[in-house]
file protein_6.txt (compact mmCIF, C-alpha atoms and all ligand atoms)
# COMPACT_ATOMS: atom_id res chain seq x y z
CA MET A 24 104.62 77.75 156.23
CA PRO A 25 106.58 78.23 152.99
CA PHE A 26 105.34 74.84 151.83
CA MET A 27 101.75 75.85 152.48
CA GLN A 28 102.22 79.10 150.58
CA THR A 29 103.67 77.36 147.58
CA SER A 30 100.91 74.79 147.38
CA LEU A 31 98.33 77.50 147.86
CA SER A 32 99.77 79.49 145.00
CA TYR A 33 99.86 76.35 142.82
CA PHE A 34 96.29 75.74 143.76
CA LEU A 35 95.25 79.29 142.83
CA THR A 36 97.20 79.22 139.57
CA GLY A 37 95.43 75.97 138.77
CA ILE A 38 92.07 77.59 139.24
CA ILE A 39 92.96 80.53 137.04
CA LEU A 40 94.35 78.35 134.26
CA LEU A 41 91.57 75.81 134.33
CA CYS A 42 88.60 78.10 134.58
CA PRO A 43 87.66 79.33 131.08
CA CYS A 44 85.45 81.99 132.65
CA SER A 45 88.32 83.42 134.66
CA VAL A 46 88.08 87.16 135.28
CA TYR A 47 91.85 87.55 135.07
CA ALA A 48 93.22 86.48 131.73
CA ILE A 49 96.84 85.36 131.78
CA GLU A 50 97.26 84.49 128.13
CA PRO A 51 96.38 87.10 125.48
CA ILE A 52 92.66 86.86 124.72
CA PRO A 53 92.08 85.08 121.40
CA ILE A 54 89.85 87.32 119.27
CA VAL A 55 88.62 86.85 115.71
CA VAL A 56 87.65 89.84 113.56
CA THR A 57 86.11 89.81 110.10
CA LEU A 58 88.21 92.59 108.52
CA PRO A 59 91.86 93.61 108.97
CA VAL A 60 90.76 97.14 109.91
CA LEU A 61 89.06 95.65 112.97
CA LYS A 62 92.30 93.87 113.85
CA SER A 63 94.16 97.16 113.97
CA LEU A 64 91.43 98.85 116.03
CA THR A 65 91.25 95.91 118.48
CA GLU A 66 95.03 95.98 118.93
CA LYS A 67 94.97 99.75 119.52
CA VAL A 68 92.88 99.26 122.66
CA GLY A 69 93.80 95.69 123.65
CA GLY A 70 97.57 96.07 123.29
CA ARG A 71 99.51 92.98 124.37
CA HIS A 72 96.47 91.49 126.11
CA VAL A 73 94.86 90.42 122.85
CA ALA A 74 95.80 87.95 120.11
CA VAL A 75 93.75 89.03 117.10
CA SER A 76 93.30 87.20 113.83
CA SER A 77 91.38 88.58 110.85
CA LEU A 78 89.36 86.25 108.63
CA ILE A 79 89.76 88.46 105.56
CA THR A 80 93.40 89.29 104.82
CA GLY A 81 92.66 92.53 102.97
CA LEU A 82 93.31 91.24 99.45
CA GLU A 83 89.86 89.69 98.92
CA SER A 84 86.56 91.49 98.42
CA GLU A 85 84.71 91.83 101.71
CA HIS A 86 81.44 91.26 99.83
CA THR A 87 82.22 87.96 98.13
CA TYR A 88 84.58 86.31 100.60
CA THR A 89 84.67 82.49 100.68
CA PRO A 90 85.60 81.25 104.17
CA ARG A 91 88.38 78.67 104.58
CA PRO A 92 88.43 75.66 106.95
CA SER A 93 90.98 77.50 109.11
CA ASP A 94 88.36 80.21 109.72
CA VAL A 95 86.13 77.67 111.45
CA ILE A 96 89.02 76.64 113.72
CA ALA A 97 89.80 80.29 114.52
CA ILE A 98 86.19 80.87 115.58
CA LYS A 99 86.16 77.64 117.61
CA ASN A 100 89.10 78.96 119.65
CA ALA A 101 88.03 82.61 119.94
CA ARG A 102 86.59 84.27 123.02
CA MET A 103 85.15 87.20 121.08
CA LEU A 104 84.17 87.90 117.48
CA VAL A 105 84.21 91.46 116.15
CA LYS A 106 82.29 92.35 112.99
CA ILE A 107 80.91 95.42 111.22
CA GLY A 108 77.32 94.23 110.70
CA LEU A 109 74.95 96.14 108.36
CA GLY A 110 74.74 93.00 106.21
CA LEU A 111 78.36 93.39 105.08
CA GLU A 112 79.66 90.01 106.28
CA THR A 113 76.99 87.82 104.68
CA TRP A 114 79.26 84.79 105.20
CA ILE A 115 79.78 85.08 108.98
CA ASP A 116 76.64 83.45 110.41
CA SER A 117 77.24 80.10 108.71
CA LEU A 118 80.83 80.17 109.98
CA ILE A 119 79.67 80.63 113.58
CA LYS A 120 77.22 77.79 113.05
CA ASN A 121 79.86 75.49 111.56
CA ALA A 122 82.18 76.26 114.46
CA ASP A 123 79.33 75.35 116.84
CA ARG A 124 79.74 78.58 118.84
CA PRO A 125 76.15 79.88 119.16
CA ASN A 126 77.03 81.69 122.41
CA LEU A 127 80.25 83.31 121.24
CA LEU A 128 80.47 86.95 122.39
CA THR A 129 79.86 88.81 119.13
CA ILE A 130 80.42 92.56 118.89
CA THR A 131 78.53 94.37 116.13
CA THR A 132 80.57 97.55 115.84
CA SER A 133 78.21 99.51 113.57
CA ARG A 134 75.73 99.92 116.44
CA ASP A 135 74.92 103.64 117.04
CA ALA A 136 77.03 104.76 114.06
CA PRO A 137 75.56 107.58 111.91
CA LEU A 138 74.94 105.81 108.61
CA ILE A 139 74.99 106.79 104.96
CA LYS A 140 72.20 104.77 103.37
CA GLY A 141 73.35 101.68 101.50
CA ASP A 142 77.03 102.03 102.39
CA PRO A 143 78.50 99.64 104.99
CA HIS A 144 82.11 100.95 104.70
CA ILE A 145 81.82 102.91 107.94
CA TRP A 146 85.44 102.34 109.04
CA LEU A 147 86.70 104.82 106.43
CA ASP A 148 85.54 107.66 108.70
CA PRO A 149 87.82 108.08 111.76
CA GLU A 150 84.91 109.54 113.75
CA ILE A 151 83.08 106.24 113.27
CA ALA A 152 86.29 104.34 114.02
CA LYS A 153 85.89 105.82 117.52
CA ILE A 154 82.43 104.26 117.83
CA ILE A 155 83.75 100.91 116.56
CA THR A 156 86.61 101.06 119.06
CA HIS A 157 84.24 101.89 121.88
CA HIS A 158 82.22 98.72 121.21
CA ILE A 159 85.44 96.70 121.19
CA VAL A 160 86.45 98.19 124.56
CA GLU A 161 83.07 97.21 125.99
CA GLY A 162 83.58 93.65 124.80
CA LEU A 163 87.11 93.48 126.20
CA SER A 164 85.96 94.90 129.54
CA GLN A 165 83.32 92.21 129.75
CA LEU A 166 85.88 89.44 129.11
CA ASP A 167 88.66 90.95 131.18
CA PRO A 168 87.16 93.37 133.74
CA VAL A 169 90.40 93.62 135.71
CA ARG A 170 91.94 95.60 132.84
CA GLN A 171 88.91 97.75 132.12
CA GLU A 172 90.77 100.96 133.05
CA GLU A 173 93.68 100.14 130.80
CA TYR A 174 91.39 99.50 127.82
CA LYS A 175 89.53 102.76 128.45
CA ASN A 176 92.78 104.71 128.71
CA ASN A 177 93.95 103.22 125.42
CA GLU A 178 90.65 104.23 123.85
CA THR A 179 91.11 107.83 125.02
CA ALA A 180 94.68 107.99 123.69
CA PHE A 181 93.65 106.53 120.34
CA SER A 182 90.74 108.93 120.08
CA LEU A 183 93.13 111.87 120.50
CA ALA A 184 95.43 110.48 117.82
CA LEU A 185 92.44 110.17 115.49
CA ASP A 186 91.43 113.78 116.12
CA GLN A 187 94.94 115.04 115.34
CA LEU A 188 95.22 113.00 112.16
CA THR A 189 91.75 113.97 110.94
CA ALA A 190 92.41 117.69 111.45
CA GLU A 191 95.74 117.43 109.62
CA MET A 192 94.21 115.53 106.69
CA ILE A 193 91.23 117.91 106.33
CA GLU A 194 93.74 120.78 106.03
CA LYS A 195 95.50 118.97 103.17
CA VAL A 196 92.27 118.42 101.24
CA LYS A 197 91.28 122.08 101.67
CA GLY A 198 94.26 123.05 99.51
CA ILE A 199 92.87 121.24 96.44
CA GLN A 200 91.20 123.31 93.75
CA ASN A 201 88.85 120.63 92.45
CA PRO A 202 88.27 117.79 94.95
CA ARG A 203 85.82 115.93 92.66
CA ILE A 204 86.45 112.27 91.85
CA ILE A 205 84.77 109.26 90.24
CA THR A 206 84.88 106.03 92.26
CA HIS A 207 84.83 102.47 90.98
CA HIS A 208 83.24 100.71 93.98
CA LEU A 209 80.65 102.27 96.29
CA ALA A 210 83.03 102.24 99.25
CA TRP A 211 84.10 105.84 99.73
CA PRO A 212 81.16 108.09 100.79
CA TYR A 213 82.14 108.11 104.51
CA PHE A 214 85.75 108.83 103.64
CA ALA A 215 84.87 111.61 101.16
CA LYS A 216 82.41 113.26 103.53
CA ARG A 217 84.84 113.36 106.44
CA PHE A 218 87.84 114.74 104.56
CA GLY A 219 86.20 116.99 101.96
CA PHE A 220 86.49 115.03 98.70
CA ILE A 221 83.45 115.12 96.41
CA ILE A 222 82.26 111.92 94.70
CA SER A 223 80.57 113.01 91.47
CA GLY A 224 79.68 109.52 90.28
CA GLY A 225 80.46 105.83 90.48
CA ILE A 226 81.34 103.19 87.89
CA GLN A 227 79.54 100.42 89.80
CA THR A 228 75.98 101.28 90.73
CA GLN A 229 75.78 98.09 92.80
CA VAL A 230 78.54 96.05 94.39
CA GLY A 231 80.05 93.76 91.76
CA SER A 232 77.98 95.08 88.82
CA GLU A 233 79.66 96.14 85.57
CA PRO A 234 78.43 99.44 84.06
CA SER A 235 76.46 99.55 80.82
CA ALA A 236 77.88 101.29 77.74
CA LYS A 237 75.32 104.03 78.28
CA ARG A 238 76.51 104.61 81.82
CA MET A 239 80.12 104.86 80.64
CA VAL A 240 79.12 107.60 78.16
CA THR A 241 77.21 109.47 80.88
CA LEU A 242 80.21 109.24 83.18
CA SER A 243 82.69 110.50 80.61
CA GLN A 244 80.40 113.47 79.82
CA LEU A 245 80.11 114.21 83.53
CA MET A 246 83.88 114.03 83.94
CA ARG A 247 84.49 116.51 81.14
CA ARG A 248 81.80 118.88 82.44
CA GLU A 249 83.11 118.86 86.01
CA LYS A 250 86.79 118.69 84.94
CA ILE A 251 87.32 115.49 86.96
CA SER A 252 90.87 114.24 86.65
CA VAL A 253 90.89 111.28 89.04
CA ILE A 254 89.17 107.89 89.01
CA LEU A 255 89.53 105.98 92.27
CA SER A 256 89.77 102.21 91.82
CA GLU A 257 90.89 99.39 94.09
CA PRO A 258 93.38 96.50 93.99
CA GLN A 259 90.50 94.07 94.61
CA LEU A 260 88.66 95.12 91.41
CA ASN A 261 89.00 94.49 87.68
CA PRO A 262 90.92 97.52 86.30
CA LYS A 263 89.35 97.39 82.81
CA MET A 264 86.45 99.85 83.19
CA PRO A 265 88.43 102.59 84.99
CA GLN A 266 91.15 102.30 82.32
CA ILE A 267 88.65 102.71 79.49
CA LEU A 268 87.16 105.75 81.19
CA ALA A 269 90.61 107.23 81.85
CA GLU A 270 91.65 106.81 78.20
CA GLU A 271 88.39 108.38 77.10
CA THR A 272 88.73 111.48 79.30
CA GLY A 273 92.45 111.91 79.94
CA ALA A 274 91.93 111.31 83.67
CA ARG A 275 94.27 109.15 85.76
CA VAL A 276 93.39 106.05 87.76
CA VAL A 277 94.44 106.00 91.41
CA ILE A 278 94.43 102.66 93.22
CA LEU A 279 93.50 102.80 96.89
CA SER A 280 92.21 100.06 99.13
CA PRO A 281 89.18 100.35 101.40
CA MET A 282 90.95 97.83 103.62
CA PRO A 283 94.40 98.06 105.21
CA VAL A 284 97.13 95.56 104.26
CA ALA A 285 96.64 95.78 100.47
CA HIS A 286 99.33 98.48 100.41
CA THR A 287 102.55 98.12 102.39
CA HIS A 288 102.74 99.83 105.78
CA THR A 289 99.01 100.37 106.06
CA GLU A 290 98.27 97.66 108.65
CA ASP A 291 97.99 100.35 111.29
CA TYR A 292 94.69 102.25 111.10
CA LEU A 293 96.34 105.68 111.39
CA ASP A 294 98.86 104.87 108.63
CA PHE A 295 96.04 103.48 106.50
CA ILE A 296 93.96 106.68 106.67
CA ARG A 297 97.01 108.88 106.12
CA TYR A 298 98.11 106.83 103.09
CA ASN A 299 94.67 107.01 101.47
CA VAL A 300 94.17 110.75 101.98
CA GLU A 301 97.71 111.72 100.97
CA THR A 302 97.72 109.53 97.85
CA LEU A 303 94.44 110.98 96.67
CA VAL A 304 95.53 114.54 97.43
CA ARG A 305 98.74 114.04 95.43
CA ALA A 306 96.78 112.69 92.45
CA LEU A 307 94.34 115.63 92.54
CA GLN A 308 97.20 118.15 92.66
CA LYS A 309 98.86 116.86 89.47
ZN ZN B 1 83.05 97.13 99.79
call {"tool": "encode", "arguments": {"input": "protein_6.txt", "output": "structure tokens", "more": "lines below"}}
Ligand SMILES: [Zn+2]
result
Amino acid sequence: MPFMQTSLSYFLTGIILLCPCSVYAIEPIPIVVTLPVLKSLTEKVGGRHVAVSSLITGLESEHTYTPRPSDVIAIKNARMLVKIGLGLETWIDSLIKNADRPNLLTITTSRDAPLIKGDPHIWLDPEIAKIITHHIVEGLSQLDPVRQEEYKNNETAFSLALDQLTAEMIEKVKGIQNPRIITHHLAWPYFAKRFGFIISGGIQTQVGSEPSAKRMVTLSQLMRREKISVILSEPQLNPKMPQILAEETGARVVILSPMPVAHTHTEDYLDFIRYNVETLVRALQK
């Protein structure tokens, strides 16, 4: 009988390896995400059962990204695509088309998220990161139902870690006398609302637009009136306008990224949120 058992197990292994629709994944599931923040969130719940690659590295603008040929290959090989939606990834549909994957399981993680009108940067609120993560868990459970419990348990653990971090960060912001800031890019309303910063105005009124001279005067008057000492800019943006405004008003420019990876040791979502809150708090305390 040992011979029979061996051939039977070979036979079964063969089925599992050959069948692309297998319910029990042996290899990590290849997943493509649009933004590095989605890579971190997918890894939080998928652990070693997922192999995630992000199309955007974190150094480009998420609004004006130009896909590379390797992105098409990544989508060709993926079993799931995770995106934000809300019109943020304007470049994704043509990629899916070029990769000839019309039936690729695509998870739109902004579904059911409470939105701030006109702002797609939902991941900067840890409460919404929970919603994003929940959609990812649903996708993983569909692909790999055998591990459904494990994914759900990871989601619960991550959710608790988010609660702890958020409470700790809100406490830090409460200690600031004047939490008002000016932002360069319209990316921070979710972040500000969650942690208690106040955005008094923005340099860009639309993504990618440069402000008029009139707007710069209005902003510098506003900054003096409200005693705003911090302008929040980003590594992905041209530093010229924030610098002019800082020189004009005596404020300082703080560079933070709305996406992980731009700063060292921020690949992990929890580290990323902590870094952004703590850096801004330090600048506002000076
Ligand atoms: Zn943006």
call {"tool": "closest_residue", "arguments": {"input": "protein_6.txt", "among": "A:Ala236, A:Ala152, A:Ile98, A:Ile115", "to": "Ser63 in chain A", "atoms": "all atoms listed in the file"}}
result
A:Ala152
call {"tool": "residues_near_point", "arguments": {"input": "protein_6.txt", "point": "(100.3, 112.5, 95.9)", "cutoff": "12 Å", "atoms": "only C-alpha atoms", "output": "ChimeraX atom specification"}}
result
/A:195-196,199,253,277-279,297-309
call {"tool": "residues_near_ligand", "arguments": {"input": "protein_6.txt", "ligand": "ligand ZN 1 (chain B)", "cutoff": "7 Å", "atoms": "only C-alpha atoms and all ligand atoms", "output": "mmCIF file with C-alpha atoms, keeping the file's coordinate frame"}}
result
data_model
loop_
_atom_site.group_PDB
_atom_site.id
_atom_site.type_symbol
_atom_site.label_atom_id
_atom_site.label_comp_id
_atom_site.auth_asym_id
_atom_site.auth_seq_id
_atom_site.Cartn_x
_atom_site.Cartn_y
_atom_site.Cartn_z
ATOM 1 C CA SER A 84 86.560 91.490 98.420
ATOM 2 C CA GLU A 85 84.710 91.830 101.710
ATOM 3 C CA HIS A 86 81.440 91.260 99.830
ATOM 4 C CA HIS A 144 82.110 100.950 104.700
ATOM 5 C CA HIS A 208 83.240 100.710 93.980
ATOM 6 C CA LEU A 209 80.650 102.270 96.290
ATOM 7 C CA ALA A 210 83.030 102.240 99.250
#
call {"tool": "residues_around", "arguments": {"input": "protein_6.txt", "residues": "Glu83 in chain A", "least_positions_apart": "2", "cutoff": "12 Å", "atoms": "only C-alpha atoms", "output": "compact mmCIF listing (two decimals) with C-alpha atoms, keeping the file's coordinate frame"}}
result
# COMPACT_ATOMS: atom_id res chain seq x y z
CA THR A 57 86.11 89.81 110.10
CA LEU A 58 88.21 92.59 108.52
CA PRO A 59 91.86 93.61 108.97
CA LEU A 78 89.36 86.25 108.63
CA ILE A 79 89.76 88.46 105.56
CA THR A 80 93.40 89.29 104.82
CA GLY A 81 92.66 92.53 102.97
CA GLU A 85 84.71 91.83 101.71
CA HIS A 86 81.44 91.26 99.83
CA THR A 87 82.22 87.96 98.13
CA TYR A 88 84.58 86.31 100.60
CA THR A 89 84.67 82.49 100.68
CA PRO A 90 85.60 81.25 104.17
CA GLU A 257 90.89 99.39 94.09
CA PRO A 258 93.38 96.50 93.99
CA GLN A 259 90.50 94.07 94.61
CA LEU A 260 88.66 95.12 91.41
CA SER A 280 92.21 100.06 99.13
CA PRO A 281 89.18 100.35 101.40
CA MET A 282 90.95 97.83 103.62
CA PRO A 283 94.40 98.06 105.21
CA VAL A 284 97.13 95.56 104.26
CA ALA A 285 96.64 95.78 100.47
call {"tool": "residues_near_point", "arguments": {"input": "protein_6.txt", "point": "(98.9, 95.2, 127.0)", "cutoff": "12 Å", "atoms": "all atoms listed in the file", "output": "list in words"}}
result
Ala48, Ile49, Glu50, Pro51, Ile52, Thr65, Glu66, Lys67, Val68, Gly69, Gly70, Arg71, His72, Val73, Ala74, Leu163, Asp167, Arg170, Gln171, Glu172, Glu173, Tyr174, Asn176 and Asn177 of chain A
call {"tool": "atom_distance", "arguments": {"input": "protein_6.txt", "atom1": "CA of Ile251 in chain A", "atom2": "CA of Ile205 in chain A"}}
result
7.5 Å
call {"tool": "atom_distance", "arguments": {"input": "protein_6.txt", "atom1": "CA of Ala101 in chain A", "atom2": "CA of Ser133 in chain A"}}
result
20.6 Å
call {"tool": "closest_residue", "arguments": {"input": "protein_6.txt", "among": "A:Val230, A:Glu191, A:Leu127, A:Leu293", "to": "Pro53 in chain A", "atoms": "all atoms listed in the file"}}
result
A:Leu127
call {"tool": "closest_residue", "arguments": {"input": "protein_6.txt", "among": "A:Phe218, A:Pro143, A:Ser93, A:Val56", "to": "Gly110 in chain A", "atoms": "only C-alpha atoms"}}
result
A:Pro143
call {"tool": "atom_distance", "arguments": {"input": "protein_6.txt", "atom1": "CA of Glu161 in chain A", "atom2": "CA of Ser182 in chain A"}}
result
15.2 Å
call {"tool": "residues_around", "arguments": {"input": "protein_6.txt", "residues": "Asp94 in chain A", "least_positions_apart": "3", "cutoff": "9 Å", "atoms": "all atoms listed in the file", "output": "list of chain:residue names"}}
result
A:Val55, A:Ser77, A:Leu78, A:Pro90, A:Arg91, A:Ala97, A:Ile98, A:Lys99, A:Leu118, A:Ala122
call {"tool": "closest_residue", "arguments": {"input": "protein_6.txt", "among": "A:Leu64, A:Val276, A:Val105, A:Val95", "to": "Pro149 in chain A", "atoms": "only C-alpha atoms"}}
result
A:Leu64
call {"tool": "residues_around", "arguments": {"input": "protein_6.txt", "residues": "Ile155 in chain A", "least_positions_apart": "2", "cutoff": "10 Å", "atoms": "all atoms listed in the file", "output": "ChimeraX atom specification"}}
result
/A:61,64-65,105-107,130-136,145-146,149-153,157-160
call {"tool": "write_last_selection", "arguments": {"input": "protein_6.txt", "atoms": "C-alpha atoms", "output": "PDB file, keeping the file's coordinate frame"}}
result
ATOM      1  CA  LEU A  61      89.060  95.650 112.970  1.00  0.00           C
ATOM      2  CA  LEU A  64      91.430  98.850 116.030  1.00  0.00           C
ATOM      3  CA  THR A  65      91.250  95.910 118.480  1.00  0.00           C
ATOM      4  CA  VAL A 105      84.210  91.460 116.150  1.00  0.00           C
ATOM      5  CA  LYS A 106      82.290  92.350 112.990  1.00  0.00           C
ATOM      6  CA  ILE A 107      80.910  95.420 111.220  1.00  0.00           C
ATOM      7  CA  ILE A 130      80.420  92.560 118.890  1.00  0.00           C
ATOM      8  CA  THR A 131      78.530  94.370 116.130  1.00  0.00           C
ATOM      9  CA  THR A 132      80.570  97.550 115.840  1.00  0.00           C
ATOM     10  CA  SER A 133      78.210  99.510 113.570  1.00  0.00           C
ATOM     11  CA  ARG A 134      75.730  99.920 116.440  1.00  0.00           C
ATOM     12  CA  ASP A 135      74.920 103.640 117.040  1.00  0.00           C
ATOM     13  CA  ALA A 136      77.030 104.760 114.060  1.00  0.00           C
ATOM     14  CA  ILE A 145      81.820 102.910 107.940  1.00  0.00           C
ATOM     15  CA  TRP A 146      85.440 102.340 109.040  1.00  0.00           C
ATOM     16  CA  PRO A 149      87.820 108.080 111.760  1.00  0.00           C
ATOM     17  CA  GLU A 150      84.910 109.540 113.750  1.00  0.00           C
ATOM     18  CA  ILE A 151      83.080 106.240 113.270  1.00  0.00           C
ATOM     19  CA  ALA A 152      86.290 104.340 114.020  1.00  0.00           C
ATOM     20  CA  LYS A 153      85.890 105.820 117.520  1.00  0.00           C
ATOM     21  CA  HIS A 157      84.240 101.890 121.880  1.00  0.00           C
ATOM     22  CA  HIS A 158      82.220  98.720 121.210  1.00  0.00           C
ATOM     23  CA  ILE A 159      85.440  96.700 121.190  1.00  0.00           C
ATOM     24  CA  VAL A 160      86.450  98.190 124.560  1.00  0.00           C
TER      25      VAL A 160
END
call {"tool": "residues_around", "arguments": {"input": "protein_6.txt", "residues": "Ser243 in chain A", "least_positions_apart": "4", "cutoff": "8 Å", "atoms": "only C-alpha atoms", "output": "MDAnalysis selection string"}}
result
chainID A and resid 239 247 268 271:272
call {"tool": "axis_aligned_box", "arguments": {"input": "protein_6.txt", "around": "range 183-188 of chain A", "padding_each_side": "3 Å", "output": "AutoDock Vina command-line options"}}
result
--center_x 93.4 --center_y 112.6 --center_z 116.3 --size_x 10.0 --size_y 10.9 --size_z 14.3
call {"tool": "build_atoms", "arguments": {"input": "protein_6.txt", "residues": "range 97-117 of chain A", "atoms": "N, CA and C atoms", "output": "PDB file, in the coordinates of the input"}}
result
ATOM      1  N   ALA A  97      89.547  79.015 113.825  1.00  0.00           N
ATOM      2  CA  ALA A  97      89.800  80.290 114.520  1.00  0.00           C
ATOM      3  C   ALA A  97      88.596  80.676 115.369  1.00  0.00           C
ATOM      4  N   ILE A  98      87.401  80.501 114.835  1.00  0.00           N
ATOM      5  CA  ILE A  98      86.190  80.870 115.580  1.00  0.00           C
ATOM      6  C   ILE A  98      85.958  79.898 116.737  1.00  0.00           C
ATOM      7  N   LYS A  99      86.275  78.635 116.531  1.00  0.00           N
ATOM      8  CA  LYS A  99      86.160  77.640 117.610  1.00  0.00           C
ATOM      9  C   LYS A  99      86.995  78.064 118.828  1.00  0.00           C
ATOM     10  N   ASN A 100      88.174  78.624 118.571  1.00  0.00           N
ATOM     11  CA  ASN A 100      89.100  78.960 119.650  1.00  0.00           C
ATOM     12  C   ASN A 100      88.956  80.381 120.192  1.00  0.00           C
ATOM     13  N   ALA A 101      88.108  81.194 119.553  1.00  0.00           N
ATOM     14  CA  ALA A 101      88.030  82.610 119.940  1.00  0.00           C
ATOM     15  C   ALA A 101      87.166  82.801 121.184  1.00  0.00           C
ATOM     16  N   ARG A 102      87.459  83.904 121.905  1.00  0.00           N
ATOM     17  CA  ARG A 102      86.590  84.270 123.020  1.00  0.00           C
ATOM     18  C   ARG A 102      85.696  85.448 122.654  1.00  0.00           C
ATOM     19  N   MET A 103      85.989  86.072 121.521  1.00  0.00           N
ATOM     20  CA  MET A 103      85.150  87.200 121.080  1.00  0.00           C
ATOM     21  C   MET A 103      85.278  87.316 119.559  1.00  0.00           C
ATOM     22  N   LEU A 104      84.160  87.659 118.927  1.00  0.00           N
ATOM     23  CA  LEU A 104      84.170  87.900 117.480  1.00  0.00           C
ATOM     24  C   LEU A 104      83.755  89.359 117.260  1.00  0.00           C
ATOM     25  N   VAL A 105      84.514  90.055 116.431  1.00  0.00           N
ATOM     26  CA  VAL A 105      84.210  91.460 116.150  1.00  0.00           C
ATOM     27  C   VAL A 105      83.866  91.591 114.666  1.00  0.00           C
ATOM     28  N   LYS A 106      82.700  92.166 114.387  1.00  0.00           N
ATOM     29  CA  LYS A 106      82.290  92.350 112.990  1.00  0.00           C
ATOM     30  C   LYS A 106      81.724  93.756 112.788  1.00  0.00           C
ATOM     31  N   ILE A 107      81.512  94.122 111.525  1.00  0.00           N
ATOM     32  CA  ILE A 107      80.910  95.420 111.220  1.00  0.00           C
ATOM     33  C   ILE A 107      79.389  95.323 111.365  1.00  0.00           C
ATOM     34  N   GLY A 108      78.784  94.307 110.744  1.00  0.00           N
ATOM     35  CA  GLY A 108      77.320  94.230 110.700  1.00  0.00           C
ATOM     36  C   GLY A 108      76.807  94.938 109.456  1.00  0.00           C
ATOM     37  N   LEU A 109      75.584  95.440 109.496  1.00  0.00           N
ATOM     38  CA  LEU A 109      74.950  96.140 108.360  1.00  0.00           C
ATOM     39  C   LEU A 109      74.836  95.240 107.129  1.00  0.00           C
ATOM     40  N   GLY A 110      74.860  93.919 107.329  1.00  0.00           N
ATOM     41  CA  GLY A 110      74.740  93.000 106.210  1.00  0.00           C
ATOM     42  C   GLY A 110      76.010  92.873 105.390  1.00  0.00           C
ATOM     43  N   LEU A 111      77.109  93.448 105.852  1.00  0.00           N
ATOM     44  CA  LEU A 111      78.360  93.390 105.080  1.00  0.00           C
ATOM     45  C   LEU A 111      78.917  91.964 105.040  1.00  0.00           C
ATOM     46  N   GLU A 112      79.033  91.339 106.210  1.00  0.00           N
ATOM     47  CA  GLU A 112      79.660  90.010 106.280  1.00  0.00           C
ATOM     48  C   GLU A 112      78.568  88.935 106.143  1.00  0.00           C
ATOM     49  N   THR A 113      78.100  88.760 104.921  1.00  0.00           N
ATOM     50  CA  THR A 113      76.990  87.820 104.680  1.00  0.00           C
ATOM     51  C   THR A 113      77.407  86.385 104.995  1.00  0.00           C
ATOM     52  N   TRP A 114      78.707  86.138 105.070  1.00  0.00           N
ATOM     53  CA  TRP A 114      79.260  84.790 105.200  1.00  0.00           C
ATOM     54  C   TRP A 114      79.547  84.422 106.661  1.00  0.00           C
ATOM     55  N   ILE A 115      79.300  85.349 107.615  1.00  0.00           N
ATOM     56  CA  ILE A 115      79.780  85.080 108.980  1.00  0.00           C
ATOM     57  C   ILE A 115      78.858  84.144 109.778  1.00  0.00           C
ATOM     58  N   ASP A 116      77.552  84.246 109.580  1.00  0.00           N
ATOM     59  CA  ASP A 116      76.640  83.450 110.410  1.00  0.00           C
ATOM     60  C   ASP A 116      76.833  81.947 110.209  1.00  0.00           C
ATOM     61  N   SER A 117      77.042  81.536 108.955  1.00  0.00           N
ATOM     62  CA  SER A 117      77.240  80.100 108.710  1.00  0.00           C
ATOM     63  C   SER A 117      78.565  79.631 109.299  1.00  0.00           C
TER      64      SER A 117
END
